[in-house]
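Engineer: What follows is the file entry-v9.cif, containing mmCIF, C-alpha atoms and all ligand atoms:
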```cif
data_upload
loop_
_atom_site.label_atom_id
_atom_site.label_comp_id
_atom_site.auth_asym_id
_atom_site.auth_seq_id
_atom_site.Cartn_x
_atom_site.Cartn_y
_atom_site.Cartn_z
CA MET A 21 17.26 -8.75 17.87
CA GLU A 22 15.91 -6.40 15.24
CA THR A 23 16.75 -2.76 15.88
CA THR A 24 13.74 -0.59 16.52
CA PHE A 25 12.92 2.60 14.67
CA GLU A 26 13.98 4.71 17.68
CA GLN A 27 17.33 2.93 18.15
CA GLU A 28 18.13 3.28 14.46
CA GLN A 29 17.11 6.94 14.46
CA GLN A 30 19.36 7.69 17.46
CA ARG A 31 22.29 5.85 15.91
CA LEU A 32 21.96 7.83 12.66
CA LEU A 33 21.58 11.15 14.51
CA ASN A 34 24.76 10.32 16.46
CA GLU A 35 26.52 9.75 13.15
CA GLY A 36 25.63 13.31 12.14
CA PHE A 37 22.74 12.63 9.76
CA SER A 38 19.50 14.62 9.73
CA ILE A 39 16.21 12.72 9.77
CA ALA A 40 13.79 13.66 6.99
CA ARG A 41 10.50 12.41 5.58
CA VAL A 42 9.94 11.57 1.91
CA VAL A 43 7.19 13.82 0.56
CA ALA A 44 7.23 12.89 -3.13
CA GLU A 45 9.02 10.62 -5.53
CA HIS A 46 10.00 11.56 -9.07
CA ARG A 47 12.25 9.63 -11.46
CA GLU A 48 15.20 8.79 -9.19
CA MET A 49 14.69 12.15 -7.46
CA TYR A 50 12.82 12.80 -4.25
CA THR A 51 11.33 15.72 -2.37
CA ILE A 52 11.95 15.51 1.34
CA LEU A 53 10.72 17.43 4.36
CA VAL A 54 13.42 18.24 6.89
CA ASN A 55 13.26 20.74 9.75
CA GLY A 56 10.01 22.12 8.34
CA LYS A 57 11.50 22.76 4.90
CA THR A 58 11.07 20.84 1.63
CA MET A 59 14.03 20.26 -0.68
CA PRO A 60 15.17 17.95 -3.49
CA ALA A 61 17.16 14.84 -2.62
CA GLU A 62 18.94 11.96 -4.32
CA VAL A 63 20.02 8.57 -3.00
CA THR A 64 23.68 7.61 -2.58
CA GLY A 65 25.32 5.47 -5.25
CA ARG A 66 25.79 2.76 -2.62
CA LEU A 67 22.05 2.63 -1.89
CA MET A 68 21.31 2.56 -5.62
CA TYR A 69 23.74 -0.27 -6.45
CA SER A 70 22.90 -2.46 -3.48
CA ALA A 71 19.17 -2.29 -4.24
CA SER A 72 17.75 -5.54 -5.59
CA SER A 73 14.12 -4.44 -5.80
CA ARG A 74 12.04 -1.28 -5.86
CA LYS A 75 11.30 -1.70 -2.17
CA ASP A 76 14.97 -0.93 -1.44
CA PHE A 77 14.43 2.62 -2.69
CA PRO A 78 12.75 5.35 -0.63
CA ALA A 79 8.96 5.60 -0.88
CA VAL A 80 6.53 8.36 0.05
CA GLY A 81 6.12 8.36 3.83
CA ASP A 82 9.57 6.89 4.51
CA TRP A 83 11.76 8.34 7.23
CA VAL A 84 15.29 8.68 5.85
CA ALA A 85 18.74 9.68 7.11
CA VAL A 86 20.15 12.48 4.97
CA GLN A 87 23.19 14.64 4.62
CA LEU A 88 22.28 18.27 3.92
CA TYR A 89 24.16 20.47 1.46
CA GLU A 90 23.89 24.26 1.91
CA ASN A 91 20.51 23.61 3.50
CA SER A 92 19.07 23.45 -0.03
CA HIS A 93 19.49 19.87 -1.21
CA ALA A 94 20.25 16.50 0.33
CA ILE A 95 21.63 13.02 -0.18
CA ILE A 96 19.66 10.09 1.23
CA HIS A 97 21.95 7.55 2.93
CA HIS A 98 19.57 5.24 4.78
CA ILE A 99 15.91 4.30 4.96
CA LEU A 100 14.70 3.80 8.53
CA PRO A 101 12.80 0.57 9.31
CA ARG A 102 9.22 0.87 7.99
CA ARG A 103 6.56 0.46 10.68
CA THR A 104 3.88 -0.23 8.08
CA CYS A 105 3.95 -0.52 4.32
CA ILE A 106 1.12 -0.50 1.77
CA SER A 107 2.36 -2.65 -1.11
CA ARG A 108 0.98 -3.81 -4.42
CA LYS A 109 2.32 -5.70 -7.39
CA THR A 110 3.61 -3.26 -10.00
CA SER A 111 1.01 -2.90 -12.72
CA GLY A 112 1.86 -4.38 -16.09
CA ARG A 113 4.13 -7.32 -16.83
CA GLU A 114 7.02 -6.48 -14.53
CA PHE A 115 7.12 -8.67 -11.42
CA ASP A 116 8.08 -6.48 -8.49
CA GLU A 117 6.72 -4.83 -5.38
CA GLN A 118 5.57 -1.24 -5.52
CA ILE A 119 5.18 0.67 -2.30
CA ILE A 120 2.12 2.90 -2.32
CA ALA A 121 3.07 4.52 0.99
CA ALA A 122 5.17 3.75 4.06
CA ASN A 123 4.66 4.41 7.78
CA VAL A 124 0.92 4.95 7.44
CA ASP A 125 -1.26 4.65 10.57
CA ILE A 126 -4.69 4.76 8.94
CA VAL A 127 -5.44 3.75 5.37
CA PHE A 128 -8.72 5.23 4.13
CA ILE A 129 -10.25 3.13 1.36
CA ILE A 130 -12.63 5.34 -0.61
CA GLN A 131 -15.46 4.20 -2.85
CA SER A 132 -18.10 6.59 -4.11
CA LEU A 133 -21.77 5.69 -3.85
CA ASP A 134 -22.32 6.12 -7.60
CA HIS A 135 -21.02 3.81 -10.38
CA ASN A 136 -17.74 3.25 -8.52
CA TYR A 137 -19.45 1.23 -5.77
CA ASN A 138 -18.21 -2.36 -6.05
CA LEU A 139 -17.96 -4.93 -3.26
CA ARG A 140 -15.42 -7.13 -5.07
CA ARG A 141 -13.09 -4.18 -5.47
CA LEU A 142 -13.65 -3.29 -1.81
CA GLU A 143 -12.62 -6.80 -0.70
CA ARG A 144 -9.39 -6.54 -2.71
CA PHE A 145 -8.53 -3.13 -1.22
CA LEU A 146 -9.34 -4.45 2.27
CA VAL A 147 -6.95 -7.39 1.84
CA VAL A 148 -4.14 -5.06 0.73
CA ALA A 149 -4.88 -2.75 3.68
CA ALA A 150 -4.99 -5.67 6.14
CA GLU A 151 -1.53 -6.76 4.97
CA SER A 152 -0.05 -3.28 5.35
CA GLY A 153 -0.10 -3.16 9.14
CA ALA A 154 -2.05 0.12 9.01
CA THR A 155 -5.62 0.36 10.34
CA PRO A 156 -8.16 0.34 7.49
CA VAL A 157 -11.21 2.64 7.49
CA VAL A 158 -13.80 2.48 4.69
CA LEU A 159 -15.15 5.79 3.38
CA LEU A 160 -18.21 5.93 1.14
CA SER A 161 -18.17 9.28 -0.65
CA LYS A 162 -20.86 11.27 -2.47
CA ALA A 163 -23.59 10.27 0.00
CA ASP A 164 -25.53 13.26 -1.37
CA LEU A 165 -26.09 11.40 -4.65
CA VAL A 166 -28.26 8.62 -3.19
CA ASN A 167 -31.52 8.69 -1.24
CA GLU A 168 -31.67 7.69 2.40
CA SER A 169 -32.89 4.12 1.95
CA GLU A 170 -30.26 3.37 -0.70
CA LEU A 171 -27.63 4.94 1.54
CA ASN A 172 -28.60 2.81 4.55
CA GLU A 173 -28.75 -0.33 2.44
CA LYS A 174 -25.27 0.22 0.99
CA VAL A 175 -23.70 1.17 4.33
CA GLU A 176 -25.11 -2.04 5.85
CA GLU A 177 -23.83 -4.10 2.93
CA VAL A 178 -20.35 -2.57 3.21
CA ARG A 179 -20.32 -3.17 6.99
CA ARG A 180 -21.08 -6.85 6.41
CA HIS A 181 -18.11 -7.02 4.05
CA SER A 182 -15.73 -5.12 6.35
CA PRO A 183 -15.37 -7.26 9.51
CA GLY A 184 -14.49 -5.12 12.53
CA ILE A 185 -13.70 -2.14 10.32
CA HIS A 186 -14.98 1.41 10.78
CA VAL A 187 -17.24 2.47 7.87
CA ILE A 188 -18.21 6.12 7.29
CA ALA A 189 -20.49 7.49 4.56
CA TYR A 190 -19.87 11.19 3.93
CA SER A 191 -20.44 13.99 1.48
CA ALA A 192 -17.90 16.63 0.56
CA THR A 193 -20.79 18.62 -0.92
CA THR A 194 -23.04 18.81 2.15
CA LEU A 195 -20.08 18.27 4.52
CA SER A 196 -21.95 15.52 6.37
CA HIS A 197 -19.63 13.31 8.47
CA ILE A 198 -16.49 15.23 7.46
CA ASP A 199 -15.83 16.02 11.13
CA GLU A 200 -16.03 12.34 12.01
CA ILE A 201 -13.21 11.68 9.51
CA LYS A 202 -11.24 14.68 10.78
CA ARG A 203 -11.38 13.39 14.35
CA LEU A 204 -9.61 10.18 13.31
CA ILE A 205 -6.54 12.12 12.16
CA GLY A 206 -4.78 12.78 15.44
CA LYS A 207 -1.47 14.46 16.19
CA GLU A 208 1.50 12.70 14.57
CA THR A 209 -0.90 10.40 12.70
CA THR A 210 -0.15 9.60 9.06
CA VAL A 211 -3.15 8.76 6.92
CA CYS A 212 -3.31 7.67 3.30
CA PHE A 213 -6.23 7.73 0.85
CA ILE A 214 -6.61 5.01 -1.77
CA GLY A 215 -9.36 4.40 -4.31
CA SER A 216 -10.26 4.64 -7.98
CA SER A 217 -9.89 7.87 -9.91
CA GLY A 218 -12.76 10.29 -9.38
CA VAL A 219 -14.03 8.94 -6.05
CA GLY A 220 -13.18 12.25 -4.39
CA LYS A 221 -9.82 11.76 -2.64
CA SER A 222 -8.42 15.21 -3.45
CA THR A 223 -11.74 16.93 -2.74
CA LEU A 224 -11.89 15.32 0.71
CA ILE A 225 -8.27 16.20 1.53
CA ASN A 226 -8.96 19.84 0.61
CA LYS A 227 -11.95 19.81 2.99
CA LEU A 228 -9.89 18.23 5.77
CA ILE A 229 -7.14 20.82 5.38
CA GLY A 230 -9.60 23.67 4.89
CA LYS A 231 -7.74 24.91 1.80
CA ASP A 232 -7.93 24.01 -1.88
CA ILE A 233 -4.35 22.88 -2.22
CA LEU A 234 -5.00 19.83 -4.42
CA LYS A 235 -6.35 19.92 -7.95
CA THR A 236 -9.69 18.14 -8.36
CA GLN A 237 -11.67 17.06 -11.41
CA GLU A 238 -13.45 20.09 -12.84
CA VAL A 239 -16.80 18.60 -13.69
CA ARG A 240 -18.33 15.42 -12.51
CA ASP A 241 -19.52 13.28 -15.38
CA GLU A 242 -21.03 9.82 -15.57
CA ASP A 243 -17.85 8.10 -16.64
CA SER A 244 -14.77 9.78 -15.23
CA LYS A 245 -12.72 6.58 -15.29
CA GLY A 246 -10.26 7.72 -17.93
CA ARG A 247 -9.33 11.06 -16.39
CA HIS A 248 -6.82 11.07 -13.60
CA THR A 249 -6.28 14.43 -11.94
CA THR A 250 -3.78 13.30 -9.33
CA THR A 251 -0.72 11.90 -11.07
CA THR A 252 1.83 11.50 -8.27
CA ARG A 253 1.71 10.44 -4.66
CA GLN A 254 2.44 13.17 -2.18
CA LEU A 255 2.62 13.66 1.55
CA ILE A 256 1.10 16.82 3.00
CA PRO A 257 1.94 17.91 6.56
CA LEU A 258 -1.03 19.09 8.63
CA GLU A 259 -1.11 21.90 11.18
CA ASN A 260 -1.78 19.45 14.04
CA GLY A 261 1.43 17.50 13.30
CA GLY A 262 -0.37 14.80 11.33
CA TYR A 263 0.31 13.91 7.70
CA VAL A 264 -1.97 13.12 4.77
CA ILE A 265 -0.89 11.11 1.73
CA ASP A 266 -2.84 11.57 -1.51
CA THR A 267 -2.42 8.89 -4.17
CA PRO A 268 -3.38 8.80 -7.85
CA GLY A 269 -6.50 6.79 -8.69
CA ILE A 270 -5.80 3.06 -8.70
CA ARG A 271 -7.00 1.13 -11.77
CA GLU A 272 -5.85 -2.32 -10.78
CA LEU A 273 -4.60 -3.26 -7.36
CA GLY A 274 -2.55 -6.44 -7.66
CA LEU A 275 -1.80 -8.30 -4.43
CA TRP A 276 1.82 -8.50 -3.34
CA ASN A 277 2.55 -10.12 0.02
CA VAL A 278 -0.40 -11.95 1.50
CA SER A 279 -0.11 -13.80 4.77
CA THR A 280 -3.30 -13.52 6.81
CA GLY A 281 -5.07 -10.66 5.00
CA ILE A 282 -7.50 -12.86 3.05
CA GLU A 283 -8.50 -14.87 6.15
CA GLU A 284 -9.00 -11.61 8.08
CA ILE A 285 -11.28 -10.13 5.43
CA PHE A 286 -13.24 -13.37 4.88
CA PRO A 287 -13.66 -14.55 8.50
CA GLU A 288 -16.79 -16.61 7.78
CA ILE A 289 -14.89 -18.70 5.19
CA SER A 290 -11.88 -19.02 7.46
CA GLU A 291 -14.24 -20.24 10.21
CA LEU A 292 -15.93 -22.77 7.92
CA SER A 293 -12.61 -24.14 6.66
CA ARG A 294 -11.87 -25.53 10.13
CA GLU A 295 -14.65 -28.04 9.48
CA CYS A 296 -13.18 -29.26 6.17
CA LYS A 297 -11.97 -32.87 6.06
CA PHE A 298 -8.50 -31.93 4.80
CA SER A 299 -6.48 -29.36 6.71
CA ASP A 300 -4.96 -28.12 3.43
CA CYS A 301 -8.35 -28.01 1.69
CA THR A 302 -8.42 -25.52 -1.21
CA HIS A 303 -12.26 -25.48 -1.10
CA THR A 304 -12.45 -26.06 -4.84
CA HIS A 305 -12.95 -29.80 -5.45
CA GLU A 306 -12.30 -31.73 -2.22
CA PRO A 307 -14.91 -34.05 -0.68
CA ASN A 308 -16.36 -33.07 2.71
CA CYS A 309 -15.45 -29.42 2.21
CA ALA A 310 -17.46 -27.28 4.62
CA VAL A 311 -17.00 -24.21 2.41
CA LEU A 312 -18.37 -25.90 -0.73
CA ASP A 313 -21.21 -27.37 1.35
CA ALA A 314 -22.13 -23.90 2.61
CA VAL A 315 -22.18 -22.56 -0.97
CA ALA A 316 -24.41 -25.49 -2.05
CA GLN A 317 -26.78 -24.90 0.87
CA GLY A 318 -26.90 -21.18 0.15
CA THR A 319 -25.55 -20.17 3.57
CA LEU A 320 -22.40 -18.75 1.99
CA ASP A 321 -22.83 -16.15 -0.74
CA LYS A 322 -21.61 -17.49 -4.11
CA THR A 323 -20.10 -14.21 -5.29
CA ARG A 324 -18.23 -13.81 -2.02
CA TYR A 325 -16.91 -17.37 -2.32
CA ALA A 326 -15.77 -16.67 -5.91
CA SER A 327 -14.03 -13.49 -4.77
CA TYR A 328 -12.22 -15.40 -2.00
CA ILE A 329 -11.01 -18.12 -4.40
CA LYS A 330 -9.82 -15.53 -6.93
CA LEU A 331 -7.77 -13.65 -4.31
CA LYS A 332 -6.40 -16.93 -2.91
CA LYS A 333 -5.22 -18.07 -6.35
CA GLU A 334 -3.61 -14.72 -7.01
CA SER A 335 -1.77 -14.77 -3.68
CA GLU A 336 -0.54 -18.33 -4.28
CA TYR A 337 0.75 -17.34 -7.70
CA ILE A 338 2.60 -14.36 -6.19
CA ALA A 339 4.09 -16.52 -3.41
CA ALA A 340 5.33 -19.16 -5.88
CA LYS A 341 6.74 -16.56 -8.26
CA THR A 342 8.46 -14.70 -5.39
CA ASN A 343 10.15 -17.93 -4.30
CA ILE A 344 11.41 -18.53 -7.85
CA THR A 345 12.71 -14.96 -8.09
CA LYS A 346 14.45 -15.26 -4.71
CA ALA A 347 16.08 -18.56 -5.75
CA GLN A 348 17.26 -16.97 -9.01
CA GLU A 349 18.72 -14.00 -7.11
CA ARG A 350 20.51 -16.37 -4.71
CA LYS A 351 21.94 -18.34 -7.63
CA ALA A 352 23.14 -15.18 -9.38
CA LYS A 353 24.83 -14.02 -6.16
CA GLU A 354 26.50 -17.43 -5.67
CA LYS A 355 27.75 -17.35 -9.25
CA GLN A 356 29.18 -13.86 -8.72
CA LEU A 357 30.87 -14.99 -5.50
CA ASN A 358 32.37 -18.09 -7.16
CA LYS A 359 33.72 -15.91 -9.93
CA GLN A 360 35.38 -13.61 -7.40
CA ILE A 361 36.89 -16.58 -5.53
CA ASN A 362 38.21 -18.05 -8.78
CA GLN A 363 39.77 -14.74 -9.76
CA PHE A 364 41.34 -14.41 -6.31
CA VAL A 365 42.78 -17.94 -6.41
CA LYS A 366 44.06 -17.40 -9.95
CA SER A 367 45.81 -14.16 -9.02
CA LYS A 368 47.50 -15.82 -6.00
CA PHE A 369 48.54 -18.76 -8.14
CA ASN A 370 49.97 -16.51 -10.86
CA LYS A 371 51.97 -14.52 -8.28
CA ARG A 372 53.61 -17.67 -6.96
CA LYS A 373 54.68 -18.81 -10.41
N1 LIG A 401 -21.68 15.02 -5.34
C1 LIG A 401 -20.46 14.89 -4.84
N2 LIG A 401 -19.40 15.06 -5.65
C2 LIG A 401 -18.16 14.91 -5.12
C3 LIG A 401 -17.95 14.58 -3.76
N3 LIG A 401 -16.62 14.47 -3.54
C4 LIG A 401 -16.03 14.73 -4.72
N4 LIG A 401 -16.94 15.00 -5.68
C5 LIG A 401 -16.69 15.32 -7.10
O1 LIG A 401 -16.11 14.18 -7.73
C6 LIG A 401 -15.16 14.58 -8.73
C7 LIG A 401 -13.83 13.87 -8.51
O2 LIG A 401 -13.24 14.33 -7.30
P1 LIG A 401 -11.66 14.33 -7.06
O3 LIG A 401 -11.46 14.78 -5.66
O4 LIG A 401 -10.94 15.05 -8.12
O5 LIG A 401 -11.36 12.77 -7.20
P2 LIG A 401 -9.98 11.98 -6.94
O6 LIG A 401 -10.34 10.72 -6.25
O7 LIG A 401 -9.00 12.84 -6.24
O8 LIG A 401 -9.52 11.67 -8.43
P3 LIG A 401 -8.01 11.38 -8.97
O9 LIG A 401 -7.18 12.53 -8.52
O10 LIG A 401 -8.16 11.30 -10.45
O11 LIG A 401 -7.58 10.09 -8.37
C8 LIG A 401 -15.08 16.11 -8.64
O12 LIG A 401 -15.85 16.67 -9.66
C9 LIG A 401 -15.67 16.42 -7.27
O13 LIG A 401 -16.27 17.68 -7.22
C10 LIG A 401 -19.11 14.41 -2.92
O14 LIG A 401 -19.04 14.09 -1.72
N5 LIG A 401 -20.33 14.58 -3.52
ZN ZN A 402 -12.72 -26.90 2.17
#
```
Translate this structure into structure tokens?
Ligand SMILES: Nc1nc2c(ncn2[C@@H]2O[C@H](COP(=O)(O)OP(=O)(O)OP(=O)(O)O)[C@@H](O)[C@H]2O)c(=O)[nH]1
Ligand SMILES: [Zn+2]

Structural biologist:
Amino acid sequence: METTFEQEQQRLLNEGFSIARVVAEHREMYTILVNGKTMPAEVTGRLMYSASSRKDFPAVGDWVAVQLYENSHAIIHHILPRRTCISRKTSGREFDEQIIAANVDIVFIIQSLDHNYNLRRLERFLVVAAESGATPVVLLSKADLVNESELNEKVEEVRRHSPGIHVIAYSATTLSHIDEIKRLIGKETTVCFIGSSGVGKSTLINKLIGKDILKTQEVRDEDSKGRHTTTTRQLIPLENGGYVIDTPGIRELGLWNVSTGIEEIFPEISELSRECKFSDCTHTHEPNCAVLDAVAQGTLDKTRYASYIKLKKESEYIAAKTNITKAQERKAKEKQLNKQINQFVKSKFNKRK
């Protein structure tokens, strides 16, 4: 049986470790929060050398077992089991998992109601959120920039694209619906904000905390895509015992692990696919495909279908590539083991001679 978070925590406390939370991550250095105090921390050599991927290193939001030195710095020995984990593929050519945040209860996906508004991007963020294990909530910021009919239209559209998910339009300028967001952040709750640069993540967090502790973009201009004000992820403890995680603006959010996320976010396609002739129908070329039929009849939106297929292909590519990587890792480990066995046998043999 897998050990639970509580069992593992108790075991580590019994061994004399302190339990801390990772607040920020720098190059191989971390800031942790322990007994109400922040301090720098490093990982043990053992943790570093046994790591085979970036996910084996601490991430913001992780609970870790540490050894304290003079109550001013610490060494991280263990990462406690993650309850939830928001993951993406590392951007660029490297093929690895990057953890955006760990142990998050609510993931707020923010889009602003100006040029950032994009349903395809929303679907992608929703799939990543659905995979994380955290509860997604969609926030539409800058509601003050659109008139009432446009606002209602967009909120309705977003609701249709966010099955069973809470959607809130708010304004940090007029403060409308800020309290509704605040109420979702209960005691001991960890929330994380994700979205493009300039959608208003830091501004909202400052409003929620009631203090301007995060830097925000000075002036709002038409195209703020290139300017990122937040450059590192960080966890901020709240007075009520909750935690907020701010993240830098996300340019491209590559899928990492996808099991049921796509089906959850596209329930109408998932429903239709039960009527397809082939149970492994890819809904791209097969005869008697209920999904393709629905597109042809106009009952399934073409752009939504295209978005579904694109995400599906990406997730299949990731799954195939992950299997190859795992097989390569296994092979390398076997090779290493064989080498050790050979050396051992050789040394025994030489001794006998
Ligand atoms: N009109 C209006 N402007 C807003 C609102 N929220 C934020 N802004 C403005 O939008 C700009 C960007 O806000 P930030 O909070 O810095 O955006 P961010 O998402 O944290 O950006 P990065 O840190 O780069 O990821 C700032 O100029 C804010 O004043 C809002 O509700 N209404
Ligand atoms: Zn089909």

Engineer: Residues near Ile95 of chain A, anyone? I mean within 7 Å using only C-alpha atoms, not counting same-chain ones fewer than 4 positions away, as a list in words.

Structural biologist: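 What passes the distance filter is Ala61, Glu62, Val63, Thr64, Val86, Gln87 and Leu88 of chain A.
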
Engineer: For the point (14.4, 10.4, 3.6) in file coordinates, what residues are within 8 Å, counting all atoms listed in the file? Give the answer as a list of chain:residue names?

Structural biologist: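 Residues found, by chain and rising number: A:Ile39, A:Ala40, A:Arg41, A:Val42, A:Ile52, A:Leu53, A:Pro78, A:Asp82, A:Trp83, A:Val84, A:Ala85, A:Val86, A:Ile96, A:His98, A:Ile99.
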
Engineer: I'd like to know which of A:Val315, A:Leu320, A:Cys296, A:Met68 is closest to ligand ZN 402 (chain A), using only C-alpha atoms and all ligand atoms.

Structural biologist: A:Cys296

Engineer: Please write out the residues within 10 Å of ligand LIG 401 (chain A) as a ChimeraX atom specification, counting all atoms listed in the file.

Structural biologist: /A:130-134,160-166,189-196,198,213-227,234-241,244-253,266-271

Engineer: Residues within 10 Å of ligand ZN 402 (chain A), counting all atoms listed in the file: report them as a PDB file with C-alpha atoms, keeping the file's coordinate frame.

Structural biologist:
```
ATOM      1  CA  ILE A 289     -14.890 -18.700   5.190  1.00  0.00           C
ATOM      2  CA  SER A 290     -11.880 -19.020   7.460  1.00  0.00           C
ATOM      3  CA  LEU A 292     -15.930 -22.770   7.920  1.00  0.00           C
ATOM      4  CA  SER A 293     -12.610 -24.140   6.660  1.00  0.00           C
ATOM      5  CA  ARG A 294     -11.870 -25.530  10.130  1.00  0.00           C
ATOM      6  CA  GLU A 295     -14.650 -28.040   9.480  1.00  0.00           C
ATOM      7  CA  CYS A 296     -13.180 -29.260   6.170  1.00  0.00           C
ATOM      8  CA  LYS A 297     -11.970 -32.870   6.060  1.00  0.00           C
ATOM      9  CA  PHE A 298      -8.500 -31.930   4.800  1.00  0.00           C
ATOM     10  CA  SER A 299      -6.480 -29.360   6.710  1.00  0.00           C
ATOM     11  CA  ASP A 300      -4.960 -28.120   3.430  1.00  0.00           C
ATOM     12  CA  CYS A 301      -8.350 -28.010   1.690  1.00  0.00           C
ATOM     13  CA  THR A 302      -8.420 -25.520  -1.210  1.00  0.00           C
ATOM     14  CA  HIS A 303     -12.260 -25.480  -1.100  1.00  0.00           C
ATOM     15  CA  THR A 304     -12.450 -26.060  -4.840  1.00  0.00           C
ATOM     16  CA  HIS A 305     -12.950 -29.800  -5.450  1.00  0.00           C
ATOM     17  CA  GLU A 306     -12.300 -31.730  -2.220  1.00  0.00           C
ATOM     18  CA  PRO A 307     -14.910 -34.050  -0.680  1.00  0.00           C
ATOM     19  CA  ASN A 308     -16.360 -33.070   2.710  1.00  0.00           C
ATOM     20  CA  CYS A 309     -15.450 -29.420   2.210  1.00  0.00           C
ATOM     21  CA  ALA A 310     -17.460 -27.280   4.620  1.00  0.00           C
ATOM     22  CA  VAL A 311     -17.000 -24.210   2.410  1.00  0.00           C
ATOM     23  CA  LEU A 312     -18.370 -25.900  -0.730  1.00  0.00           C
ATOM     24  CA  ASP A 313     -21.210 -27.370   1.350  1.00  0.00           C
ATOM     25  CA  ALA A 314     -22.130 -23.900   2.610  1.00  0.00           C
TER      26      ALA A 314
END
```

Engineer: So how far away is atom CA of Ile120 of chain A from atom CA of Tyr325 of chain A, in Å?

Structural biologist: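 A separation of 27.8 Å between them.
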
Engineer: Report, in Å to a single decimal, how far apart atom CA of Leu146 of chain A and atom CA of Thr342 of chain A are.

Structural biologist: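 Atom CA of Thr342 of chain A sits 21.9 Å away from atom CA of Leu146 of chain A.
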
Engineer: Enumerate, in order of chain and increasing residue number, the residues of segment 197-292 of chain A with an atom no farther than 7 Å from segment 103-108 of chain A, each with its shortest atom pair and distance in Å to one decimal, counting all atoms listed in the file, as a tab-separated table.

Structural biologist:
```
residue	atom	partner	partner_atom	distance
A:Leu273	CA	A:Arg108	CA	6.3
A:Gly274	CA	A:Arg108	CA	5.5
A:Leu275	CA	A:Arg108	CA	5.3
A:Trp276	CA	A:Arg108	CA	4.9
```

Engineer: Would you mind listing what lies within 8 Å of Lys75 of chain A as a VMD selection string, with all atoms listed in the file counted and same-chain residues fewer than 3 positions away left out?

Structural biologist: chain A and resid 78 to 79 117 to 119

Engineer: What are the centre and edge lengths in Å, to one decimal, of the axis-aligned box around all listed atoms of segment 78-93 of chain A with 3 Å added on each side, as JSON?

Structural biologist:
```
{"center_x": 15.1, "center_y": 14.8, "center_z": 3.0, "size_x": 24.0, "size_y": 24.9, "size_z": 14.4}
```

Engineer: Do you know which residues lie at most 10 Å from (-22.4, -1.6, 6.0), with coordinates as in the file and all atoms listed in the file counted, and could you write them as a ChimeraX atom specification?

Structural biologist: /A:158,160,171-183,185-189

Engineer: Quote the spacing between atom CA of Ala71 of chain A and atom CA of Asp125 of chain A in Å to one decimal place.

Structural biologist: 26.2 Å
